[in-house]
$ cat data-v8.pdb   # PDB, C-alpha atoms and all ligand atoms
ATOM      1  CA  MET A 294       0.000   0.000   0.000
ATOM      2  CA  ASN A 295       2.524   2.573  -1.046
ATOM      3  CA  ALA A 296       0.723   4.790  -3.507
ATOM      4  CA  THR A 297      -1.153   7.020  -1.092
ATOM      5  CA  THR A 298       0.712   6.947   2.191
ATOM      6  CA  THR A 299       1.619  10.240   3.843
ATOM      7  CA  THR A 300       5.239   9.771   2.897
ATOM      8  CA  GLY A 301       6.489  10.389  -0.648
ATOM      9  CA  PRO A 302       4.993  12.821  -3.138
ATOM     10  CA  ALA A 303       1.429  13.493  -2.083
ATOM     11  CA  PRO A 304      -1.534  14.843  -4.010
ATOM     12  CA  ALA A 305      -2.694  18.363  -3.100
ATOM     13  CA  ALA A 306      -5.460  17.118  -0.794
ATOM     14  CA  ALA A 307      -3.162  14.811   1.170
ATOM     15  CA  PRO A 308      -2.272  15.764   4.736
ATOM     16  CA  THR A 309       1.415  16.283   5.308
ATOM     17  CA  ARG A 310       1.165  14.899   8.816
ATOM     18  CA  ASP A 311      -1.071  13.120  11.227
ATOM     19  CA  ASN A 312      -3.858  15.481  12.293
ATOM     20  CA  ARG A 313      -5.105  13.400  15.170
ATOM     21  CA  GLU A 314      -3.079  15.230  17.786
ATOM     22  CA  LYS A 315      -4.606  18.513  16.685
ATOM     23  CA  MET A 316      -8.101  17.020  16.734
ATOM     24  CA  LEU A 317      -7.630  15.682  20.249
ATOM     25  CA  GLU A 318      -6.335  19.071  21.351
ATOM     26  CA  ARG A 319      -9.425  20.702  19.852
ATOM     27  CA  ALA A 320     -11.666  18.317  21.800
ATOM     28  CA  MET A 321      -9.903  19.227  25.055
ATOM     29  CA  THR A 322     -10.156  22.941  24.258
ATOM     30  CA  ARG A 323     -13.892  22.499  23.728
ATOM     31  CA  HIS A 324     -14.102  21.184  27.295
ATOM     32  CA  ASN A 325     -11.814  23.958  28.615
ATOM     33  CA  TYR A 326      -9.287  21.296  29.649
ATOM     34  CA  SER A 327     -11.633  20.366  32.467
ATOM     35  CA  GLY A 328     -10.863  17.174  34.360
ATOM     36  CA  SER A 329     -14.584  16.476  34.555
ATOM     37  CA  ALA A 330     -14.553  15.875  30.797
ATOM     38  CA  LEU A 331     -12.094  12.982  31.164
ATOM     39  CA  ILE A 332     -14.437  10.259  29.890
ATOM     40  CA  GLU A 333     -15.493  12.335  26.850
ATOM     41  CA  VAL A 334     -11.841  13.087  26.086
ATOM     42  CA  LEU A 335     -10.905   9.406  26.413
ATOM     43  CA  HIS A 336     -13.741   8.520  24.030
ATOM     44  CA  THR A 337     -12.482  11.087  21.548
ATOM     45  CA  ALA A 338      -8.925   9.789  21.864
ATOM     46  CA  GLN A 339     -10.002   6.203  21.343
ATOM     47  CA  GLY A 340     -12.140   7.283  18.398
ATOM     48  CA  LEU A 341      -9.093   8.929  16.829
ATOM     49  CA  TYR A 342      -6.431   6.347  17.642
ATOM     50  CA  GLY A 343      -8.472   3.159  17.942
ATOM     51  CA  PHE A 344      -6.967   2.382  21.367
ATOM     52  CA  LEU A 345      -5.377   4.237  24.282
ATOM     53  CA  THR A 346      -1.651   3.844  24.741
ATOM     54  CA  LEU A 347       0.123   4.771  27.961
ATOM     55  CA  PRO A 348       1.883   7.805  26.408
ATOM     56  CA  LEU A 349      -1.489   9.014  25.159
ATOM     57  CA  LEU A 350      -3.015   8.617  28.630
ATOM     58  CA  HIS A 351      -0.094  10.528  30.126
ATOM     59  CA  THR A 352      -0.581  13.363  27.642
ATOM     60  CA  ILE A 353      -4.277  13.548  28.489
ATOM     61  CA  ALA A 354      -3.479  13.546  32.225
ATOM     62  CA  ARG A 355      -1.004  16.400  31.782
ATOM     63  CA  LYS A 356      -3.343  18.485  29.632
ATOM     64  CA  LEU A 357      -6.339  17.993  31.930
ATOM     65  CA  LYS A 358      -4.134  18.486  35.018
ATOM     66  CA  LEU A 359      -5.153  15.152  36.495
ATOM     67  CA  PRO A 360      -2.953  12.570  38.230
ATOM     68  CA  PRO A 361      -1.931   9.912  35.673
ATOM     69  CA  SER A 362      -3.154   7.255  38.112
ATOM     70  CA  ARG A 363      -6.673   8.679  37.906
ATOM     71  CA  VAL A 364      -6.660   8.688  34.092
ATOM     72  CA  LEU A 365      -5.266   5.165  33.955
ATOM     73  CA  GLY A 366      -7.776   4.077  36.590
ATOM     74  CA  VAL A 367     -10.719   5.345  34.548
ATOM     75  CA  ALA A 368      -9.339   3.913  31.291
ATOM     76  CA  THR A 369      -8.904   0.464  32.832
ATOM     77  CA  PHE A 370     -12.196   0.506  34.762
ATOM     78  CA  TYR A 371     -14.487   0.864  31.742
ATOM     79  CA  HIS A 372     -14.452  -2.177  29.475
ATOM     80  CA  PHE A 373     -15.107  -0.095  26.361
ATOM     81  CA  PHE A 374     -11.680   1.505  26.585
ATOM     82  CA  GLN A 375      -8.967  -0.540  24.911
ATOM     83  CA  LEU A 376      -5.445   0.094  26.170
ATOM     84  CA  GLU A 377      -3.212  -1.584  23.603
ATOM     85  CA  PRO A 378      -3.629  -3.482  20.396
ATOM     86  CA  LYS A 379      -2.679  -7.066  21.079
ATOM     87  CA  GLY A 380      -1.794  -8.120  17.548
ATOM     88  CA  GLU A 381       1.540  -8.028  15.753
ATOM     89  CA  HIS A 382      -0.058  -5.596  13.274
ATOM     90  CA  THR A 383      -2.823  -3.069  13.799
ATOM     91  CA  PHE A 384      -5.354  -1.841  11.275
ATOM     92  CA  VAL A 385      -7.594   1.040  12.362
ATOM     93  CA  VAL A 386     -10.279   1.767   9.783
ATOM     94  CA  CYS A 387     -11.751   5.242   9.755
ATOM     95  CA  THR A 388     -15.534   5.038   9.770
ATOM     96  CA  GLY A 389     -16.168   8.777   9.805
ATOM     97  CA  THR A 390     -18.728  10.066   7.310
ATOM     98  CA  ALA A 391     -16.363  10.769   4.400
ATOM     99  CA  CYS A 392     -14.649   7.401   4.739
ATOM    100  CA  TYR A 393     -17.890   5.554   5.287
ATOM    101  CA  VAL A 394     -19.388   7.027   2.119
ATOM    102  CA  ALA A 395     -16.183   6.153   0.242
ATOM    103  CA  GLY A 396     -16.315   2.482   1.234
ATOM    104  CA  ALA A 397     -14.906   2.064   4.746
ATOM    105  CA  ARG A 398     -17.508  -0.610   5.485
ATOM    106  CA  LYS A 399     -16.067  -2.809   2.726
ATOM    107  CA  LEU A 400     -12.586  -2.423   4.219
ATOM    108  CA  LEU A 401     -13.885  -3.432   7.626
ATOM    109  CA  ASP A 402     -15.641  -6.404   6.011
ATOM    110  CA  VAL A 403     -12.326  -7.564   4.533
ATOM    111  CA  LEU A 404     -10.585  -7.253   7.897
ATOM    112  CA  GLU A 405     -13.437  -8.886   9.782
ATOM    113  CA  HIS A 406     -13.599 -11.720   7.275
ATOM    114  CA  ARG A 407      -9.851 -12.408   7.224
ATOM    115  CA  CYS A 408      -8.748 -11.336  10.712
ATOM    116  CA  ALA A 409     -11.112 -10.302  13.490
ATOM    117  CA  LYS A 410     -14.038  -8.075  14.353
ATOM    118  CA  ALA A 411     -13.335  -4.418  15.094
ATOM    119  CA  GLY A 412     -12.018  -4.159  18.647
ATOM    120  CA  CYS A 413     -10.571  -7.682  18.529
ATOM    121  CA  THR A 414      -7.391  -9.513  17.592
ATOM    122  CA  SER A 415      -7.157 -12.481  15.234
ATOM    123  CA  ALA A 416      -6.876 -15.888  16.889
ATOM    124  CA  ASP A 417      -3.263 -16.272  15.737
ATOM    125  CA  GLY A 418      -2.360 -12.912  17.335
ATOM    126  CA  LYS A 419      -1.286 -11.490  14.002
ATOM    127  CA  VAL A 420      -3.715  -8.603  13.497
ATOM    128  CA  SER A 421      -5.720  -6.285  15.753
ATOM    129  CA  VAL A 422      -8.622  -4.517  14.085
ATOM    130  CA  ALA A 423     -10.149  -1.273  15.311
ATOM    131  CA  SER A 424     -12.317   1.493  13.959
ATOM    132  CA  ALA A 425     -12.028   5.209  14.523
ATOM    133  CA  ARG A 426     -14.476   8.030  13.833
ATOM    134  CA  CYS A 427     -12.387  10.513  11.849
ATOM    135  CA  ILE A 428      -8.627  10.515  11.637
ATOM    136  CA  GLY A 429      -8.367  13.955  10.076
ATOM    137  CA  CYS A 430      -7.582  13.220   6.442
ATOM    138  CA  CYS A 431     -11.047  13.106   4.894
ATOM    139  CA  GLY A 432      -9.575  14.103   1.504
ATOM    140  CA  LEU A 433      -7.968  10.667   1.403
ATOM    141  CA  ALA A 434     -11.157   8.699   2.122
ATOM    142  CA  PRO A 435     -11.404   5.848   2.645
ATOM    143  CA  ALA A 436      -8.437   5.915   4.980
ATOM    144  CA  LEU A 437      -6.999   3.584   7.548
ATOM    145  CA  ILE A 438      -4.022   3.493   9.862
ATOM    146  CA  GLU A 439      -1.745   0.515   9.440
ATOM    147  CA  ASP A 440       0.762   0.122  12.266
ATOM    148  CA  GLY A 441       0.601   3.857  13.003
ATOM    149  CA  ARG A 442       0.919   4.943   9.361
ATOM    150  CA  ILE A 443      -1.982   6.655   7.583
ATOM    151  CA  VAL A 444      -2.875   5.102   4.256
ATOM    152  CA  GLY A 445      -5.418   6.821   2.031
ATOM    153  CA  ARG A 446      -7.772   5.910  -0.806
ATOM    154  CA  VAL A 447      -7.544   2.282   0.164
ATOM    155  CA  THR A 448      -9.233  -0.283  -2.033
ATOM    156  CA  GLU A 449     -10.323  -3.758  -1.002
ATOM    157  CA  ALA A 450      -7.768  -5.245  -3.393
ATOM    158  CA  GLN A 451      -4.979  -3.162  -1.828
ATOM    159  CA  LEU A 452      -6.010  -4.186   1.660
ATOM    160  CA  ASN A 453      -6.145  -7.844   0.667
ATOM    161  CA  ARG A 454      -2.662  -7.567  -0.802
ATOM    162  CA  GLU A 455      -1.394  -5.923   2.375
ATOM    163  CA  LEU A 456      -2.901  -8.686   4.517
ATOM    164  CA  ASP A 457      -1.238 -11.276   2.252
ATOM    165  CA  GLN A 458       2.049  -9.466   2.774
ATOM    166  CA  VAL A 459       1.846  -9.525   6.549
ATOM    167  CA  GLY A 460       1.081 -13.227   6.402
ATOM    168  CA  VAL A 461      -2.676 -13.387   6.968
ATOM    169  CA  LYS A 462      -4.115 -16.493   5.327
ATOM    170  CA  PRO A 463      -6.544 -15.769   2.454
TER
HETATM  171  S1  LIG B 501     -13.916  10.675   7.843
HETATM  172 FE1  LIG B 501     -12.181   9.424   7.572
HETATM  173  S2  LIG B 501     -10.578  10.803   7.774
HETATM  174 FE2  LIG B 501     -12.287  12.036   8.137
END

$ encode --input "data-v8.pdb" --output "C-alpha cells"
Amino acid sequence: MNATTTTGPAPAAAPTRDNREKMLERAMTRHNYSGSALIEVLHTAQGLYGFLTLPLLHTIARKLKLPPSRVLGVATFYHFFQLEPKGEHTFVVCTGTACYVAGARKLLDVLEHRCAKAGCTSADGKVSVASARCIGCCGLAPALIEDGRIVGRVTEAQLNRELDQVGVKP
C-alpha cells in the first residue's frame, strides 16, 4: 500500500502529517481542559487512535491536570476503553462520514472476514482490528491506519494484498 501513504509525493489534498493530535487538542479545548470531561476526552482519543496507549493517557493527564493514576484508573475501569492493540499488526479503519461514504464498510468487512471483528485480535495474534471516527484526512477517504501509518484511498484489493504481505491467510 505505497501509492497514497503520507510519505512520498502526495496529491494536493493529502495531509502532510497526522492530524489526530490537533483534533484531540481541539476536543480538550472544547471542554476547557476540564478534568470532569475525562471520559469524553478518552472517548475522543479512542475514536481517533483506535486504542489508548500509555503515552497518550499521560498526555491527556497532563493536559487535563489530572494525576496519571486517575486517568489510567478510569481507562482500565471501563471495558469499552482498549489500552493496547494485542496483535503483531494493527489496522484502524476510519468510519467517519467521508470514509464511510467512500467504502470504509467494505474495508472493515475484509478485515473482519480475514482477521477479526473491530475491537478484537485475530486468533493467531497477528492482526488487531479497530475502527475510529475521523482521523483527520477526509480528503484521502477511505483511509486507515496501518501500524501507526496513515494510508489513504484504500481499495479492497490493496487491503487484501497488504494482509497477504503480513502473512494473513486468504
Ligand atoms: S472521515 Fe475518515 S478521515 Fe475524516

$ residues_near_ligand --input "data-v8.pdb" --ligand "ligand LIG 501 (chain B)" --cutoff "12 Å" --atoms "only C-alpha atoms and all ligand atoms" --output "ChimeraX atom specification"
/A:306-308,311-313,316,340-342,385-398,424-438,443-447

$ closest_residue --input "data-v8.pdb" --among "A:Pro348, A:Glu377, A:Val367, A:Glu314" --to "Leu335 (chain A)" --atoms "all atoms listed in the file"
A:Val367

$ resolve_selection --input "data-v8.pdb" --expression "the PyMOL selection byres (((chain A and resi 358) around 12) and not hetatm)" --output "mmCIF file with C-alpha atoms, in the coordinates of the input"
data_model
loop_
_atom_site.group_PDB
_atom_site.id
_atom_site.type_symbol
_atom_site.label_atom_id
_atom_site.label_comp_id
_atom_site.auth_asym_id
_atom_site.auth_seq_id
_atom_site.Cartn_x
_atom_site.Cartn_y
_atom_site.Cartn_z
ATOM 1 C CA MET A 321 -9.903 19.227 25.055
ATOM 2 C CA ASN A 325 -11.814 23.958 28.615
ATOM 3 C CA TYR A 326 -9.287 21.296 29.649
ATOM 4 C CA SER A 327 -11.633 20.366 32.467
ATOM 5 C CA GLY A 328 -10.863 17.174 34.360
ATOM 6 C CA SER A 329 -14.584 16.476 34.555
ATOM 7 C CA ALA A 330 -14.553 15.875 30.797
ATOM 8 C CA LEU A 331 -12.094 12.982 31.164
ATOM 9 C CA LEU A 350 -3.015 8.617 28.630
ATOM 10 C CA HIS A 351 -0.094 10.528 30.126
ATOM 11 C CA THR A 352 -0.581 13.363 27.642
ATOM 12 C CA ILE A 353 -4.277 13.548 28.489
ATOM 13 C CA ALA A 354 -3.479 13.546 32.225
ATOM 14 C CA ARG A 355 -1.004 16.400 31.782
ATOM 15 C CA LYS A 356 -3.343 18.485 29.632
ATOM 16 C CA LEU A 357 -6.339 17.993 31.930
ATOM 17 C CA LEU A 359 -5.153 15.152 36.495
ATOM 18 C CA PRO A 360 -2.953 12.570 38.230
ATOM 19 C CA PRO A 361 -1.931 9.912 35.673
ATOM 20 C CA SER A 362 -3.154 7.255 38.112
ATOM 21 C CA ARG A 363 -6.673 8.679 37.906
ATOM 22 C CA VAL A 364 -6.660 8.688 34.092
#

$ atom_distance --input "data-v8.pdb" --atom1 "CA of Arg319 (chain A)" --atom2 "CA of Glu333 (chain A)"
12.5 Å

$ atom_distance --input "data-v8.pdb" --atom1 "CA of Arg407 (chain A)" --atom2 "CA of Ala368 (chain A)"
29.1 Å

$ atom_distance --input "data-v8.pdb" --atom1 "CA of Phe344 (chain A)" --atom2 "CA of Phe374 (chain A)"
7.1 Å

$ resolve_selection --input "data-v8.pdb" --expression "the PyMOL selection byres (((chain A and resi 459-462) around 9) and not hetatm)" --output "list in words"
His382, Arg407, Cys408, Lys419, Val420, Arg454, Glu455, Leu456, Asp457, Gln458 and Pro463 of chain A

$ residues_near_point --input "data-v8.pdb" --point "(-8.2, -0.8, 22.6)" --cutoff "9 Å" --atoms "only C-alpha atoms" --output "compact mmCIF listing (two decimals) with C-alpha atoms, in the frame of the given file"
# COMPACT_ATOMS: atom_id res chain seq x y z
CA GLN A 339 -10.00 6.20 21.34
CA TYR A 342 -6.43 6.35 17.64
CA GLY A 343 -8.47 3.16 17.94
CA PHE A 344 -6.97 2.38 21.37
CA LEU A 345 -5.38 4.24 24.28
CA THR A 346 -1.65 3.84 24.74
CA PHE A 373 -15.11 -0.10 26.36
CA PHE A 374 -11.68 1.50 26.58
CA GLN A 375 -8.97 -0.54 24.91
CA LEU A 376 -5.44 0.09 26.17
CA GLU A 377 -3.21 -1.58 23.60
CA PRO A 378 -3.63 -3.48 20.40
CA LYS A 379 -2.68 -7.07 21.08
CA GLY A 412 -12.02 -4.16 18.65
CA CYS A 413 -10.57 -7.68 18.53
CA ALA A 423 -10.15 -1.27 15.31

$ closest_residue --input "data-v8.pdb" --among "A:Leu404, A:Leu347, A:Ala409, A:Val422" --to "Thr369 (chain A)" --atoms "only C-alpha atoms"
A:Leu347

$ build_atoms --input "data-v8.pdb" --residues "region 388-399 of chain A" --atoms "all heavy atoms" --output "short mmCIF file (atom, residue, chain, number, x, y, z; two decimals), in the frame of the given file"
data_model
loop_
_atom_site.label_atom_id
_atom_site.label_comp_id
_atom_site.auth_asym_id
_atom_site.auth_seq_id
_atom_site.Cartn_x
_atom_site.Cartn_y
_atom_site.Cartn_z
N THR A 388 -14.13 5.20 10.16
CA THR A 388 -15.53 5.04 9.77
C THR A 388 -16.28 6.37 9.90
O THR A 388 -17.49 6.39 10.07
CB THR A 388 -16.23 3.94 10.62
OG1 THR A 388 -16.02 4.25 12.01
CG2 THR A 388 -15.67 2.57 10.33
N GLY A 389 -15.53 7.46 9.84
CA GLY A 389 -16.17 8.78 9.80
C GLY A 389 -16.97 8.92 8.51
O GLY A 389 -16.82 8.09 7.60
N THR A 390 -17.78 9.95 8.43
CA THR A 390 -18.73 10.07 7.31
C THR A 390 -18.05 9.97 5.94
O THR A 390 -18.46 9.16 5.10
CB THR A 390 -19.49 11.40 7.42
OG1 THR A 390 -20.05 11.46 8.72
CG2 THR A 390 -20.60 11.48 6.39
N ALA A 391 -17.00 10.76 5.73
CA ALA A 391 -16.36 10.77 4.40
C ALA A 391 -15.83 9.38 4.05
O ALA A 391 -15.99 8.92 2.91
CB ALA A 391 -15.24 11.79 4.37
N CYS A 392 -15.21 8.73 5.00
CA CYS A 392 -14.65 7.40 4.74
C CYS A 392 -15.75 6.36 4.58
O CYS A 392 -15.65 5.46 3.76
CB CYS A 392 -13.68 7.01 5.85
SG CYS A 392 -12.15 7.96 5.78
N TYR A 393 -16.79 6.52 5.37
CA TYR A 393 -17.89 5.55 5.29
C TYR A 393 -18.52 5.60 3.91
O TYR A 393 -18.73 4.57 3.25
CB TYR A 393 -18.93 5.83 6.38
CG TYR A 393 -19.76 4.60 6.66
CD1 TYR A 393 -19.30 3.65 7.58
CD2 TYR A 393 -20.94 4.36 5.98
CE1 TYR A 393 -20.02 2.50 7.83
CE2 TYR A 393 -21.67 3.20 6.22
CZ TYR A 393 -21.20 2.27 7.15
OH TYR A 393 -21.91 1.12 7.38
N VAL A 394 -18.79 6.84 3.44
CA VAL A 394 -19.39 7.03 2.12
C VAL A 394 -18.46 6.47 1.03
O VAL A 394 -18.90 5.92 0.03
CB VAL A 394 -19.69 8.53 1.88
CG1 VAL A 394 -20.03 8.82 0.44
CG2 VAL A 394 -20.81 8.98 2.81
N ALA A 395 -17.16 6.58 1.25
CA ALA A 395 -16.18 6.15 0.24
C ALA A 395 -15.86 4.66 0.31
O ALA A 395 -15.02 4.17 -0.45
CB ALA A 395 -14.91 6.97 0.39
N GLY A 396 -16.50 3.94 1.24
CA GLY A 396 -16.32 2.48 1.23
C GLY A 396 -15.62 1.87 2.43
O GLY A 396 -15.14 0.74 2.36
N ALA A 397 -15.58 2.59 3.56
CA ALA A 397 -14.91 2.06 4.75
C ALA A 397 -15.52 0.74 5.21
O ALA A 397 -14.82 -0.15 5.71
CB ALA A 397 -14.95 3.08 5.88
N ARG A 398 -16.83 0.62 5.03
CA ARG A 398 -17.51 -0.61 5.48
C ARG A 398 -16.92 -1.84 4.79
O ARG A 398 -16.75 -2.89 5.39
CB ARG A 398 -19.01 -0.48 5.23
CG ARG A 398 -19.88 -1.62 5.69
CD ARG A 398 -19.86 -1.81 7.20
NE ARG A 398 -19.16 -3.03 7.57
CZ ARG A 398 -18.91 -3.41 8.82
NH1 ARG A 398 -19.29 -2.66 9.84
NH2 ARG A 398 -18.28 -4.51 9.08
N LYS A 399 -16.63 -1.68 3.49
CA LYS A 399 -16.07 -2.81 2.73
C LYS A 399 -14.68 -3.18 3.26
O LYS A 399 -14.31 -4.35 3.30
CB LYS A 399 -15.98 -2.46 1.25
CG LYS A 399 -17.33 -2.46 0.57
CD LYS A 399 -17.21 -2.14 -0.89
CE LYS A 399 -18.59 -2.11 -1.51
NZ LYS A 399 -18.63 -1.37 -2.75
#
